[in-house]
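Here the structure comes first, spelled out in structure tokens, and everything after it is commentary.
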Amino acid sequence: MPLTAKGPLKRSIRSLRTLLIGLLPMALGVVILYMQAERALIRSSQETAEEAIRQFDLMLDSTDHAARALLAQAGQPCDEPRQLALREQVTRRPFVRSTNLVWRNDNYCSSLLGRSSFALNPADYVEGKLWLMNGNPVTPNTPLLVYRLQEGERAALATIDGYHLSNALHLISRFADLQLQVGPYWLSDDGQVHQSIAPTAPVAPRQMASSRYPYKVSAGFPEGDIWLYMKSQYPALFGLLVFLGVLAAVLGHWLQKRASSPSHELQRALEAAEFIPYFQPVVRGDSKEWAGIEVLMRWKHPREGLVRPDLFIPFAEHSGLIVPMTRSLMQQTARLLAPHAQSLRDGFHIGINITASHCHDLELLEDCRAFLGLFPPGKVILVLELTERELVEPSTVTHSLFEELHKLGVMIAIDDFGTGHSSLAYLRKFNVDYLKIDQSFVAMIGVDALSRHILDSIIELSGKLELGVVAEGVETQEQQDYLAAHGVDFLQGYLFGQPMPGEEFLQALSRH
């Protein structure tokens, strides 16, 4: 049964929690989808920039081939053969719109105009090679990318029409914004040349420079494109997030209505006597005779059935109800077993778990005295098994309690020895009688050498300290034989008997 740490909640708080529970998976899902979409757009920007570099490098390769073919003729007269050679490169080379010959910075021969004379300024070209123009006298307001190849006083020019450039930008960047940057000029996919630094995209910006020619490309997406991408790519996932949010809200609302204050629910169960004892036999290691029992608490819930102790014991300890619950368990055990005391061997061990909460005062001493008073003297030995879920701090009260318990004949055992942070500290600070070896070490017999060494060390330690030792969780014949061979005093586990309710235990007791 679910238990919460606080009392019943107001309806408004439950409604608010239900809303938050429903919104949480949706919010987390949206954040995850947003990050995924952002990564997808960054990857798209990278791929767009790489494809743009590849396409523009191919275009410039054509201009480079044309310029190299013409460079040797620069400085020669602009006669018919030279003009034919210029026009031949235009017709043979893809993307090349025009070619020119230059001598001593004089653009004197053109595939379009034939003989001409235009002064050429090398400073207009980035690294002396590329110039992004916004047009020329023949085609004003039409972008041109001029490639210049120079050798001494000779130079050859090859020009790419802006149509090819803007068309490539448009085709490559069907979704992303893409610009071609050459020096202080940049070209957008609408075919306009601007004199400035290309703007940085708000979403997934990526800039990449060509390794072969002096230009760069900038790619990215406009503001809000992440949400548009999510809307177009993840419609089914958005529906799933809404479904999960509604499901979480319904489940959270149901759990909140079903849950109540642990202290209130435990107090109700205590008053209704729903906490009942179960008994598990403890046998002698040598003869396998029943030497006693461990009393285990179970919750017989009217709706949930039998509830495991790990689901309510921590809440009982936290709320302070573990003390009256243990007292009730001891009283029920005494009332059940006392009429059958003649069936018990003298010195029959009855183990009951206690925690740090039992050691704050001397009430436990009176509970133990009342318990033993219902049995003939010497018939039973009460063993208090100290668990380590809460740390027992040594104090005057604690030492006085343990001293008086020993005078009464009550023995102290450390439960699950070897797993808690305070096991060795308890040996040093308190006078204990038994060590109970945790079942995790017993389960490793024949399986894990390290755990077996720890087990052997615990057994050896108990012998040196003259303490009794009980092994929990014995389930196989191999484990029984190993523990018996190593002198373990008592054994407990499913091999000898599972925890059983009172009537079933009395029937089993009569057979032993």
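Scheme for the structure tokens: letters A, B, ... for chains in order shown; per-chain residue numbers from 1; ligand numbers from 1 in order shown.
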Distance query A:Pro143 at most 7 Å, only C-alpha atoms, self and fewer than 5 positions along chain excluded, as a ChimeraX atom specification: /A:133-135,161-162,191,193
Those of stretch 348-443 of chain A in DSSP strand (DSSP E), formatted as a VMD selection string: chain A and resid 348 to 354 380 to 386 411 to 417 434 to 437
Residues within 12 Å of A:Gln192, only C-alpha atoms, excluding chain neighbours under 5 positions, as a PyMOL selection string: chain A and resi 132-135+141-144+162-163+165-167+169+179-181+185-187
Stretch 106-116 of chain A environment, 10 Å, only C-alpha atoms, sequence neighbours closer than 2 positions dropped, as a VMD selection string: chain A and resid 74 to 80 82 to 90 97 to 104 118 to 121 138 153 to 158
With the cut-off set at 12 Å and counting only C-alpha atoms, tabulate each residue of stretch 196-292 of chain A with an atom at most that distance from an atom of stretch 47-70 of chain A, showing the nearest atom pair and its distance in Å to one decimal, ordered by chain and increasing number, as a Markdown table.
| residue | atom | partner | partner_atom | distance |
| --- | --- | --- | --- | --- |
| A:Ala204 | CA | A:Thr48 | CA | 11.4 |
| A:Pro205 | CA | A:Ala49 | CA | 10.0 |
| A:Arg206 | CA | A:Ala49 | CA | 7.2 |
| A:Gln207 | CA | A:Ala49 | CA | 7.1 |
| A:Met208 | CA | A:Ala49 | CA | 6.4 |
| A:Ala209 | CA | A:Ile53 | CA | 7.6 |
| A:Ser210 | CA | A:Ile53 | CA | 6.1 |
| A:Ser211 | CA | A:Ile53 | CA | 9.0 |
| A:Arg212 | CA | A:Asp57 | CA | 7.5 |
| A:Tyr213 | CA | A:Asp57 | CA | 7.4 |
| A:Pro214 | CA | A:Asp57 | CA | 10.4 |
| A:Tyr215 | CA | A:Ile53 | CA | 9.0 |
| A:Lys216 | CA | A:Ile53 | CA | 7.9 |
| A:Val217 | CA | A:Ala49 | CA | 6.3 |
| A:Ser218 | CA | A:Ala49 | CA | 6.7 |
| A:Ala219 | CA | A:Ala49 | CA | 5.9 |
| A:Gly220 | CA | A:Thr48 | CA | 8.7 |
| A:Phe221 | CA | A:Thr48 | CA | 11.0 |
Grab the residues selected above and save them as a JSON list (two decimals), in the first residue's frame with C-alpha atoms.
[["chain", "number", "residue", "atom", "x", "y", "z"],
["A", 204, "ALA", "CA", 21.87, 26.89, -35.82],
["A", 205, "PRO", "CA", 24.37, 29.34, -37.36],
["A", 206, "ARG", "CA", 27.26, 27.76, -39.26],
["A", 207, "GLN", "CA", 30.04, 29.47, -41.22],
["A", 208, "MET", "CA", 32.51, 27.58, -43.35],
["A", 209, "ALA", "CA", 35.41, 28.72, -45.54],
["A", 210, "SER", "CA", 36.62, 27.05, -48.70],
["A", 211, "SER", "CA", 40.03, 25.45, -48.39],
["A", 212, "ARG", "CA", 40.81, 26.17, -52.07],
["A", 213, "TYR", "CA", 39.36, 29.59, -52.88],
["A", 214, "PRO", "CA", 39.04, 32.80, -50.80],
["A", 215, "TYR", "CA", 35.32, 32.77, -49.98],
["A", 216, "LYS", "CA", 33.03, 31.64, -47.17],
["A", 217, "VAL", "CA", 29.44, 30.51, -46.85],
["A", 218, "SER", "CA", 27.08, 31.18, -43.94],
["A", 219, "ALA", "CA", 24.12, 28.91, -43.21],
["A", 220, "GLY", "CA", 21.41, 28.89, -40.56],
["A", 221, "PHE", "CA", 17.72, 29.20, -39.86]]
Which of stretch 72-216 of chain A fall in helix (DSSP H, G or I), as a ChimeraX atom specification: /A:80-92,122-124,162-172
Distance of atom CA of A:Phe505 from atom CA of A:Leu337, expressed in Å to one decimal place: 9.9 Å
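Closest approach to A:Ala341 among A:Glu294, A:Ala272, A:Ala236, A:Leu506 is made by A:Leu506 (distances from only C-alpha atoms).
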From A:His301, A:His318, A:Arg369, A:Arg308, residue lying nearest A:Met330 [only C-alpha atoms]: A:Arg369
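Between atom CA of A:Gly418 and atom CA of A:Leu362 the interatomic distance comes to 27.8 Å.
Close contacts of A:Tyr125, defined as residues with an atom at most 9 Å away when counting only C-alpha atoms, with chain neighbours fewer than 4 positions off set aside, comprise Asn121, Lys129, Leu130, Trp131, Leu132, Val146, Tyr147, Arg148 and Gly183 of chain A.
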Those same residues - N, CA and C atoms - I'd like them written as a PDB file, in the first residue's frame.
ATOM      1  N   ASN A 121      41.887  46.943 -61.221  1.00  0.00           N
ATOM      2  CA  ASN A 121      42.508  47.233 -59.923  1.00  0.00           C
ATOM      3  C   ASN A 121      42.644  45.914 -59.167  1.00  0.00           C
ATOM      4  N   LYS A 129      42.311  37.089 -56.216  1.00  0.00           N
ATOM      5  CA  LYS A 129      41.703  36.031 -57.021  1.00  0.00           C
ATOM      6  C   LYS A 129      40.219  36.219 -57.294  1.00  0.00           C
ATOM      7  N   LEU A 130      39.426  36.658 -56.289  1.00  0.00           N
ATOM      8  CA  LEU A 130      37.980  36.680 -56.450  1.00  0.00           C
ATOM      9  C   LEU A 130      37.415  38.071 -56.181  1.00  0.00           C
ATOM     10  N   TRP A 131      36.398  38.416 -57.006  1.00  0.00           N
ATOM     11  CA  TRP A 131      35.685  39.683 -56.823  1.00  0.00           C
ATOM     12  C   TRP A 131      34.204  39.417 -57.073  1.00  0.00           C
ATOM     13  N   LEU A 132      33.396  39.665 -56.029  1.00  0.00           N
ATOM     14  CA  LEU A 132      31.953  39.535 -56.176  1.00  0.00           C
ATOM     15  C   LEU A 132      31.400  40.908 -56.537  1.00  0.00           C
ATOM     16  N   VAL A 146      33.986  37.125 -60.374  1.00  0.00           N
ATOM     17  CA  VAL A 146      35.116  37.155 -61.295  1.00  0.00           C
ATOM     18  C   VAL A 146      36.295  36.427 -60.664  1.00  0.00           C
ATOM     19  N   TYR A 147      36.858  35.511 -61.438  1.00  0.00           N
ATOM     20  CA  TYR A 147      38.042  34.780 -60.994  1.00  0.00           C
ATOM     21  C   TYR A 147      39.239  35.303 -61.773  1.00  0.00           C
ATOM     22  N   ARG A 148      40.308  35.638 -61.059  1.00  0.00           N
ATOM     23  CA  ARG A 148      41.497  36.233 -61.690  1.00  0.00           C
ATOM     24  C   ARG A 148      42.695  35.327 -61.434  1.00  0.00           C
ATOM     25  N   GLY A 183      35.027  38.484 -49.439  1.00  0.00           N
ATOM     26  CA  GLY A 183      35.537  39.748 -48.918  1.00  0.00           C
ATOM     27  C   GLY A 183      34.435  40.524 -48.239  1.00  0.00           C
TER      28      GLY A 183
END
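With distances restricted to only C-alpha atoms, A:Ala168 is the closest residue to A:Phe95 from A:Ala176, A:Ala168, A:Leu247, A:Met35.
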